[in-house]
>>> print(open('model_16.cif').read())   # mmCIF, C-alpha atoms
data_run
#
loop_
_atom_site.label_atom_id
_atom_site.label_comp_id
_atom_site.auth_asym_id
_atom_site.auth_seq_id
_atom_site.Cartn_x
_atom_site.Cartn_y
_atom_site.Cartn_z
CA MET A 22 0.00 0.00 0.00
CA MET A 23 2.69 2.35 0.95
CA SER A 24 4.53 1.66 -2.25
CA GLU A 25 1.37 2.16 -4.26
CA ASN A 26 0.72 5.54 -2.60
CA PHE A 27 4.28 6.52 -3.13
CA GLY A 28 4.04 5.57 -6.79
CA TYR A 29 0.80 7.42 -7.17
CA GLY A 30 2.25 10.57 -5.65
CA LYS A 31 5.23 10.46 -7.90
CA ASN A 32 3.11 10.10 -10.97
CA ASP A 33 0.93 12.98 -9.95
CA GLN A 34 3.99 15.14 -9.51
CA LEU A 35 5.21 14.25 -12.96
CA ARG A 36 1.84 14.92 -14.46
CA ASN A 37 1.72 18.32 -12.75
CA GLN A 38 5.14 19.26 -14.05
CA GLU A 39 4.16 18.11 -17.52
CA LEU A 40 0.99 20.17 -17.32
CA LYS A 41 2.89 23.25 -16.18
CA TYR A 42 5.40 22.73 -19.00
CA LYS A 43 2.58 22.48 -21.52
CA GLN A 44 0.96 25.61 -20.09
CA ARG A 45 4.29 27.45 -20.20
CA ARG A 46 4.84 26.39 -23.83
CA THR A 47 1.36 27.60 -24.62
CA ARG A 48 2.01 31.05 -23.03
CA ASP A 49 5.58 31.61 -24.45
CA PRO A 50 4.53 32.28 -28.08
CA GLU A 51 2.00 34.85 -26.90
CA SER A 52 4.63 36.58 -24.74
CA LYS A 53 7.18 36.45 -27.52
CA LEU A 54 4.71 37.96 -29.97
CA PHE A 55 3.87 40.73 -27.52
CA ARG A 56 7.52 41.50 -26.95
CA THR A 57 8.21 41.48 -30.66
CA ILE A 58 5.37 43.92 -31.33
CA LEU A 59 6.51 46.15 -28.47
CA PHE A 60 10.13 46.23 -29.56
CA PHE A 61 9.13 46.82 -33.18
CA SER A 62 6.91 49.74 -32.16
CA LEU A 63 9.61 51.27 -30.01
CA GLY A 64 12.18 50.79 -32.75
CA THR A 65 9.90 52.38 -35.33
CA LEU A 66 9.29 55.36 -33.03
CA ALA A 67 13.01 55.74 -32.39
CA VAL A 68 13.82 55.62 -36.10
CA ALA A 69 11.11 58.20 -36.85
CA LEU A 70 12.39 60.49 -34.09
CA LEU A 71 15.98 60.12 -35.29
CA SER A 72 14.91 60.83 -38.88
CA ALA A 73 13.09 63.98 -37.77
CA VAL A 74 16.13 65.22 -35.86
CA LEU A 75 18.46 64.50 -38.78
CA THR A 76 16.06 66.17 -41.22
CA PHE A 77 15.92 69.30 -39.02
CA ILE A 78 19.70 69.44 -38.73
CA LEU A 79 20.20 68.89 -42.43
CA THR A 80 17.59 71.54 -43.20
CA LEU A 81 19.42 74.06 -41.05
CA GLU A 82 22.80 73.18 -42.44
CA GLY A 83 21.53 72.87 -45.98
CA LYS A 84 20.48 76.54 -46.39
CA GLU A 85 22.39 78.04 -49.26
CA GLU A 86 25.11 80.51 -48.33
CA THR A 87 25.38 83.78 -50.23
CA MET A 88 27.66 86.80 -50.28
CA ILE A 89 26.31 90.22 -49.28
CA PRO A 90 26.38 92.49 -52.37
CA ASP A 91 27.55 96.09 -52.25
CA VAL A 92 24.41 98.22 -52.67
CA GLY A 93 25.97 101.49 -51.47
CA GLY A 94 24.91 104.43 -53.65
CA MET A 95 21.95 102.55 -55.15
CA GLU A 96 18.40 103.85 -55.01
CA LEU A 97 16.41 101.99 -52.36
CA ALA A 98 14.19 100.08 -54.81
CA ASN A 99 17.17 98.84 -56.81
CA ALA A 100 19.02 97.85 -53.63
CA ILE A 101 16.06 95.76 -52.42
CA ILE A 102 15.83 93.98 -55.79
CA GLU A 103 19.58 93.29 -55.67
CA LEU A 104 19.23 91.71 -52.21
CA GLN A 105 16.18 89.66 -53.20
CA ASP A 106 18.12 88.24 -56.14
CA LYS A 107 20.58 86.89 -53.55
CA GLY A 108 17.78 85.43 -51.38
CA LEU A 109 18.21 88.18 -48.75
CA TYR A 110 15.72 90.48 -47.06
CA ALA A 111 16.08 94.21 -46.42
CA THR A 112 15.24 96.32 -43.40
CA VAL A 113 15.44 100.10 -43.82
CA GLN A 114 16.74 102.82 -41.53
CA LEU A 115 16.37 106.48 -42.61
CA ARG A 116 18.85 109.18 -41.67
CA TYR A 117 20.20 112.57 -42.81
CA SER A 118 23.39 112.62 -44.86
CA ASP A 119 25.99 115.19 -45.87
CA LYS A 120 25.07 115.39 -49.55
CA LEU A 121 21.86 116.59 -51.14
CA SER A 122 22.40 114.17 -54.03
CA ASP A 123 22.29 111.18 -51.63
CA LYS A 124 18.54 111.51 -51.00
CA GLY A 125 16.77 108.17 -51.49
CA THR A 126 19.99 106.20 -51.88
CA VAL A 127 21.75 103.66 -49.67
CA ILE A 128 24.57 105.28 -47.67
CA GLY A 129 25.41 102.28 -45.48
CA GLN A 130 24.59 98.61 -44.86
CA ASP A 131 24.98 95.94 -42.21
CA PRO A 132 26.45 93.34 -42.71
CA GLU A 133 29.20 94.90 -44.78
CA PRO A 134 29.59 93.99 -48.47
CA GLY A 135 31.42 90.70 -49.01
CA ALA A 136 30.19 89.00 -45.83
CA VAL A 137 28.97 85.40 -46.35
CA VAL A 138 25.60 84.63 -44.70
CA LYS A 139 22.76 82.12 -44.95
CA ALA A 140 20.05 82.76 -47.52
CA THR A 141 16.96 84.51 -46.09
CA SER A 142 19.19 86.57 -43.77
CA GLU A 143 18.31 90.23 -43.18
CA VAL A 144 20.44 93.15 -44.32
CA LEU A 145 20.03 96.56 -42.71
CA LEU A 146 20.04 99.38 -45.27
CA ARG A 147 20.73 102.92 -44.10
CA VAL A 148 18.98 105.23 -46.56
CA SER A 149 19.52 108.98 -46.87
CA LYS A 150 16.58 111.31 -46.52
CA GLY A 151 18.74 114.18 -47.74
CA VAL A 152 20.55 116.96 -45.96
CA ALA A 153 19.12 119.18 -43.32
CA VAL A 154 17.62 122.25 -44.97
CA GLU A 155 20.26 124.79 -46.04
CA LYS A 156 19.62 128.49 -46.63
CA LEU A 157 21.13 130.53 -49.45
CA ASP A 158 23.83 132.93 -48.32
CA ASN A 159 24.13 136.55 -49.38
CA TYR A 160 26.82 136.67 -52.06
CA VAL A 161 26.36 140.32 -53.05
CA GLY A 162 29.74 142.05 -52.80
CA TRP A 163 31.69 138.83 -53.28
CA SER A 164 34.12 138.38 -56.13
CA ILE A 165 32.84 135.86 -58.66
CA ILE A 166 36.12 133.95 -58.30
CA GLU A 167 35.60 133.77 -54.52
CA LEU A 168 32.09 132.41 -55.04
CA GLU A 169 33.19 129.75 -57.52
CA SER A 170 35.86 128.57 -55.08
CA HIS A 171 33.31 128.61 -52.22
CA LEU A 172 30.84 126.49 -54.18
CA LYS A 173 33.54 123.91 -54.87
CA SER A 174 34.16 123.60 -51.13
CA LEU A 175 30.40 123.24 -50.52
CA GLU A 176 30.21 120.51 -53.13
CA SER A 177 32.86 118.47 -51.35
CA VAL A 178 30.67 118.48 -48.20
CA LEU A 179 27.04 118.76 -49.34
CA GLY A 180 27.29 117.65 -52.94
CA PRO A 181 26.10 119.80 -55.87
CA ILE A 182 23.68 122.11 -54.07
CA LEU A 183 24.09 125.23 -56.27
CA THR A 184 24.85 125.73 -59.94
CA LEU A 185 25.76 129.03 -61.57
CA ASN A 186 23.72 130.24 -64.53
CA ARG A 187 26.26 131.22 -67.20
CA PRO A 188 26.93 133.55 -68.89
CA TYR A 189 26.50 136.08 -66.10
CA ILE A 190 24.69 139.34 -66.63
CA ARG A 191 27.51 141.90 -66.79
CA VAL A 192 26.94 145.63 -66.33
CA PHE A 193 29.15 148.69 -65.87
CA ASP A 194 29.51 149.66 -62.23
CA THR A 195 31.88 151.52 -59.97
CA SER A 196 32.65 148.22 -58.21
CA PRO A 197 35.78 146.34 -59.28
CA PRO A 198 35.28 143.99 -62.25
CA GLY A 199 33.87 140.62 -61.19
CA THR A 200 32.02 141.95 -58.14
CA ILE A 201 28.58 140.37 -57.63
CA LEU A 202 25.90 143.09 -57.63
CA GLU A 203 22.67 141.04 -57.49
CA GLN A 204 21.62 137.44 -57.05
CA GLN A 205 18.51 135.39 -57.68
CA PRO A 206 17.14 133.52 -55.65
CA THR A 207 17.48 136.04 -52.85
CA PRO A 208 19.50 135.40 -49.68
CA GLY A 209 17.73 133.23 -47.11
CA THR A 210 15.97 131.04 -49.68
CA GLU A 211 15.75 127.45 -48.41
CA LEU A 212 17.70 124.96 -50.50
CA THR A 213 16.07 121.55 -50.60
CA VAL A 214 16.83 120.71 -54.24
CA LEU A 215 19.59 121.58 -56.69
CA THR A 216 19.23 125.32 -57.29
CA GLU A 217 20.45 127.52 -60.16
CA LEU A 218 21.93 130.84 -59.07
CA GLN A 219 21.62 133.82 -61.42
CA LEU A 220 24.08 136.66 -60.92
CA VAL A 221 24.59 140.25 -62.05
CA VAL A 222 28.33 140.96 -62.17
CA SER A 223 30.24 144.26 -62.46
CA LYS A 224 32.25 145.01 -65.59
CA GLY A 225 33.96 147.88 -63.78
CA PRO A 226 33.53 151.62 -64.45
CA GLU A 227 32.50 152.61 -67.94
CA GLY A 228 34.83 154.64 -70.13
CA GLN A 229 38.24 153.63 -68.71
CA ILE A 230 40.93 154.19 -71.34
CA THR A 231 44.63 153.49 -71.66
CA LEU A 232 47.48 154.63 -73.91
CA VAL A 233 48.79 151.96 -76.31
CA ARG A 234 52.47 151.27 -75.93
CA ASP A 235 54.78 150.90 -78.93
CA TYR A 236 56.01 147.29 -79.08
CA THR A 237 57.47 147.37 -82.60
CA GLY A 238 61.14 146.48 -82.79
CA MET A 239 61.05 144.67 -79.41
CA GLU A 240 62.43 141.12 -79.16
CA TRP A 241 59.38 138.88 -78.74
CA ARG A 242 60.26 137.73 -75.19
CA GLU A 243 60.59 141.35 -74.02
CA ALA A 244 57.29 142.27 -75.66
CA LEU A 245 55.56 139.25 -74.08
CA ASN A 246 56.79 140.12 -70.58
CA SER A 247 55.88 143.80 -71.05
CA ILE A 248 52.29 143.20 -72.16
CA ILE A 249 51.78 140.56 -69.45
CA ASN A 250 52.91 143.07 -66.81
CA SER A 251 50.51 145.68 -68.21
CA GLY A 252 47.54 143.35 -67.72
CA LYS A 253 46.21 144.02 -71.23
CA PRO A 254 44.69 141.22 -73.34
CA PHE A 255 46.93 140.08 -76.20
CA ILE A 256 47.52 137.62 -78.99
CA PHE A 257 50.74 136.85 -80.90
CA THR A 258 50.90 135.90 -84.56
CA VAL A 259 53.89 134.97 -86.74
CA THR A 260 54.77 136.24 -90.18
CA ARG A 261 57.55 135.57 -92.68
CA ASP A 262 56.53 138.25 -95.20
CA GLU A 263 57.24 141.55 -93.43
CA GLU A 264 60.60 143.24 -93.16
CA GLY A 265 62.43 143.45 -89.91
CA GLU A 266 64.71 141.55 -87.62
CA ALA A 267 63.85 137.90 -87.01
CA GLY A 268 62.29 137.28 -83.62
CA THR A 269 61.06 140.88 -83.15
CA ILE A 270 57.65 142.59 -83.26
CA VAL A 271 57.14 144.10 -86.72
CA SER A 272 53.59 145.43 -86.40
CA GLN A 273 50.77 145.79 -83.88
CA THR A 274 47.07 146.55 -83.51
CA PRO A 275 45.98 149.04 -82.12
CA GLU A 276 48.66 151.40 -83.35
CA PRO A 277 51.07 152.85 -80.81
CA ASP A 278 50.22 156.00 -78.80
CA ARG A 279 46.46 155.68 -79.26
CA GLU A 280 43.97 155.91 -76.39
CA VAL A 281 41.73 152.83 -76.23
CA PRO A 282 39.50 151.11 -73.63
CA THR A 283 41.58 149.15 -71.16
CA ASP A 284 40.09 145.80 -72.26
CA THR A 285 41.05 146.31 -75.92
CA LEU A 286 42.77 143.26 -77.41
CA HIS A 287 46.37 143.91 -78.52
CA GLN A 288 47.62 141.92 -81.52
CA LEU A 289 51.39 141.71 -81.87
CA VAL A 290 52.88 140.39 -85.12
CA MET A 291 56.41 138.95 -84.95
CA LEU A 292 58.92 137.64 -87.43
CA GLU A 293 59.76 133.98 -86.84
CA PRO A 294 63.14 133.48 -85.12
CA GLN A 295 65.73 132.06 -87.53
CA GLU A 296 68.82 131.15 -85.55
CA LEU A 297 68.08 128.87 -82.60
CA GLU A 298 70.37 126.92 -80.33
CA GLU A 299 70.88 123.31 -81.25
CA ASP A 300 67.95 121.02 -80.31
CA PHE A 301 65.64 123.98 -79.59
CA GLU A 302 62.33 124.52 -81.37
CA PHE A 303 60.09 127.57 -81.83
CA GLY A 304 56.30 127.53 -81.89
CA ILE A 305 53.12 129.22 -80.66
CA ILE A 306 50.57 127.50 -78.45
CA GLU A 307 47.03 128.37 -79.54
CA ARG A 308 43.92 127.40 -77.65
CA ASP A 309 40.33 128.74 -77.56
CA LEU A 310 39.20 129.21 -73.97
CA PRO A 311 35.72 129.95 -72.63
CA GLU A 312 34.96 133.56 -71.79
CA TYR A 313 35.49 134.27 -68.09
CA PRO A 314 33.63 136.99 -66.12
CA VAL A 315 36.96 138.16 -64.74
CA PRO A 316 40.53 137.33 -65.76
CA VAL A 317 41.73 133.96 -64.42
CA PRO A 318 45.33 132.97 -63.57
CA ILE A 319 47.19 131.13 -66.34
CA ILE A 320 50.24 129.11 -65.25
CA VAL A 321 52.71 127.91 -67.89
CA ASP A 322 55.27 125.31 -66.79
CA ARG A 323 58.10 123.47 -68.52
CA ILE A 324 58.77 119.79 -67.78
CA THR A 325 62.29 118.88 -68.85
CA SER A 326 63.23 115.51 -70.33
CA SER A 327 64.66 114.62 -66.91
CA GLY A 328 61.30 115.33 -65.23
CA GLU A 329 62.12 118.69 -63.59
CA ILE A 330 59.24 121.23 -63.49
CA GLU A 331 60.05 124.91 -64.07
CA ASN A 332 57.66 127.85 -64.30
CA ILE A 333 57.83 129.83 -67.54
CA LEU A 334 54.98 132.34 -67.21
CA THR A 335 52.13 133.31 -64.90
CA PHE A 336 49.54 135.86 -66.01
CA ASP A 337 45.81 136.60 -66.01
CA HIS A 338 43.57 135.92 -69.01
CA LYS A 339 39.88 136.68 -69.54
CA GLY A 340 39.26 133.85 -72.02
CA GLY A 341 38.90 133.60 -75.77
CA LEU A 342 41.94 132.95 -77.93
CA LEU A 343 45.09 132.15 -75.94
CA THR A 344 48.44 132.40 -77.73
CA ILE A 345 51.84 131.79 -76.14
CA PRO A 346 55.05 131.83 -78.23
CA TYR A 347 57.87 129.60 -77.00
CA VAL A 348 61.42 128.44 -77.71
CA GLU A 349 62.05 125.16 -75.87
CA ARG A 350 64.38 122.18 -76.06
CA ASP A 351 63.28 119.22 -78.14
CA GLY A 352 61.77 116.53 -75.88
CA SER A 353 60.54 118.88 -73.15
CA THR A 354 56.83 119.33 -72.35
CA ILE A 355 54.90 122.58 -71.95
CA VAL A 356 51.91 122.48 -69.60
CA VAL A 357 49.30 125.27 -69.39
CA ARG A 358 47.08 125.13 -66.32
CA ILE A 359 43.96 127.03 -65.25
CA ASP A 360 42.64 126.51 -61.74
CA ASN A 361 44.96 123.51 -61.28
CA GLU A 362 43.61 121.81 -64.42
CA ASP A 363 45.67 121.15 -67.53
CA VAL A 364 44.25 122.91 -70.60
CA VAL A 365 47.33 122.31 -72.77
CA ARG A 366 50.02 119.64 -72.57
CA LEU A 367 52.39 119.94 -75.52
CA ARG A 368 55.49 117.84 -76.11
CA VAL A 369 58.05 119.88 -78.03
CA THR A 370 59.10 118.10 -81.22
CA LYS A 371 59.74 119.10 -84.79
CA GLN A 372 56.22 117.91 -85.60
CA ALA A 373 54.82 120.36 -83.02
CA LEU A 374 56.08 123.40 -84.88
CA GLN A 375 53.41 125.90 -85.77
#
>>> encode(input="model_16.cif", output="structure tokens")
Amino acid sequence: MMSENFGYGKNDQLRNQELKYKQRRTRDPESKLFRTILFFSLGTLAVALLSAVLTFILTLEGKEETMIPDVGGMELANAIIELQDKGLYATVQLRYSDKLSDKGTVIGQDPEPGAVVKATSEVLLRVSKGVAVEKLDNYVGWSIIELESHLKSLESVLGPILTLNRPYIRVFDTSPPGTILEQQPTPGTELTVLTELQLVVSKGPEGQITLVRDYTGMEWREALNSIINSGKPFIFTVTRDEEGEAGTIVSQTPEPDREVPTDTLHQLVMLEPQELEEDFEFGIIERDLPEYPVPVPIIVDRITSSGEIENILTFDHKGGLLTIPYVERDGSTIVVRIDNEDVVRLRVTKQALQ
């Protein structure tokens, strides 16, 4: 009996273990499937999240880079179009500037031209709204030369704010020649746009006369220096047909010892020099100049073949035909300047003979 009970108990234990094993085998596929689904879902979510992060980073890093163009001096509309072509956006800041001509144009930008930035970046444009209102000064009593110099200095600061209406109205007056007698617009007029200034200028007292000097027989250099010192307008011409000594004045207009107005043009006719030093050439510089309201300084320099600069003549000239006789070494250069600007630059050669 005891052995039977013992055998029965052992069999029951085996059957229970077998049953538990079967139950465990039945549950394992379900658990494995659940775990598989769970891990797959988590993996899919992780991959999606990683893809989103990578896409965001690549999007940020993938924006095209562009170089900031230089839009300084452009009108605002053109500057904006230029930036848009580069994929950039403009913000505008208005301010006063030093030049009237700057109004409506870009006078500064940030970032500076040449900087490399991402597309869609913003560029700050500083745009001029013009100069603060200026008022016209009173120029009556000024010399016209003083005014022209003054306007040049204004232009360097404010830009072209005034232009002079030429030719000036010239009248006889007791004031020295070139003195401004009247102006239009009147002093105090506000200048917000480019303004034309009309002037009445003195010609000096009416009826001034002078006695004509006799230049005939003078060597041409002596005659040139004499008439320059007198301040009278002059021209030189050359002839080969009249009698006289080569290189001297053989005739003149007006005739000597006549009384004429002080601004009468003196024409001196000279015989061409014949015997010159070796390698020297003779000629006459001729140039038509504009008429000036008052005589302007003429500076004549010589530039030697070695580059040295030497002054030949300095005199005043009221415009019109300018004639300057010369004898200079072959290869040198003659420069005629008015108000620091070259009006003649002549290299002396045999081909330059006149």
>>> atom_distance(input="model_16.cif", atom1="atom CA of Ala267 of chain A", atom2="atom CA of Gly238 of chain A")
9.9 Å
>>> resolve_selection(input="model_16.cif", expression="the PyMOL selection byres ((chain A and resi 346) around 10)", output="compact mmCIF listing (two decimals) with C-alpha atoms, in the frame of the given file")
# COMPACT_ATOMS: atom_id res chain seq x y z
CA TRP A 241 59.38 138.88 -78.74
CA ARG A 242 60.26 137.73 -75.19
CA LEU A 245 55.56 139.25 -74.08
CA ILE A 256 47.52 137.62 -78.99
CA PHE A 257 50.74 136.85 -80.90
CA THR A 258 50.90 135.90 -84.56
CA VAL A 259 53.89 134.97 -86.74
CA MET A 291 56.41 138.95 -84.95
CA PHE A 303 60.09 127.57 -81.83
CA GLY A 304 56.30 127.53 -81.89
CA ILE A 305 53.12 129.22 -80.66
CA ILE A 306 50.57 127.50 -78.45
CA GLU A 307 47.03 128.37 -79.54
CA THR A 344 48.44 132.40 -77.73
CA ILE A 345 51.84 131.79 -76.14
CA TYR A 347 57.87 129.60 -77.00
CA VAL A 348 61.42 128.44 -77.71
CA GLU A 349 62.05 125.16 -75.87
CA GLN A 375 53.41 125.90 -85.77
>>> closest_residue(input="model_16.cif", among="A:Lys339, A:Arg358, A:Arg116, A:Lys124", to="Gly199 of chain A", atoms="all atoms listed in the file")
A:Lys339
>>> resolve_selection(input="model_16.cif", expression="the PyMOL selection byres ((chain A and resi 149) around 6)", output="number ranges by chain")
A: 115-118, 123-126, 148, 150-151
>>> closest_residue(input="model_16.cif", among="A:Arg191, A:Lys139, A:Lys120, A:Arg308", to="Leu343 of chain A", atoms="all atoms listed in the file")
A:Arg308
>>> atom_distance(input="model_16.cif", atom1="atom CA of Ile190 of chain A", atom2="atom CA of Glu217 of chain A")
14.1 Å
>>> closest_residue(input="model_16.cif", among="A:Gln105, A:Thr285, A:Gln130, A:Thr57", to="Gln229 of chain A", atoms="only C-alpha atoms")
A:Thr285
>>> closest_residue(input="model_16.cif", among="A:Glu86, A:Glu329, A:Asp158, A:Asp322", to="Val356 of chain A", atoms="only C-alpha atoms")
A:Asp322
>>> atom_distance(input="model_16.cif", atom1="atom CA of Glu266 of chain A", atom2="atom CA of Thr237 of chain A")
10.6 Å
>>> closest_residue(input="model_16.cif", among="A:Ile128, A:Leu342, A:Ala69, A:Ile165", to="Gly93 of chain A", atoms="only C-alpha atoms")
A:Ile128
>>> resolve_selection(input="model_16.cif", expression="the PyMOL selection byres ((chain A and resi 206) around 8)", output="list in words")
Leu157, Gln204, Gln205, Thr207, Pro208, Thr210, Leu218 and Gln219 of chain A
>>> residues_around(input="model_16.cif", residues="Ser223 of chain A", least_positions_apart="6", cutoff="12 Å", atoms="all atoms listed in the file", output="list in words")
Val161, Gly162, Trp163, Ser164, Ile165, Tyr189, Ile190, Arg191, Val192, Phe193, Asp194, Thr195, Ser196, Pro197, Pro198, Gly199, Thr200, Ile201, Leu202, Glu203, Pro314 and Val315 of chain A
>>> closest_residue(input="model_16.cif", among="A:Thr283, A:Lys253, A:Gln273, A:Gly268", to="Glu296 of chain A", atoms="only C-alpha atoms")
A:Gly268
>>> residues_around(input="model_16.cif", residues="Tyr313 of chain A", least_positions_apart="4", cutoff="9 Å", atoms="only C-alpha atoms", output="list in words")
Pro188, Val317, His338, Lys339, Gly340 and Gly341 of chain A
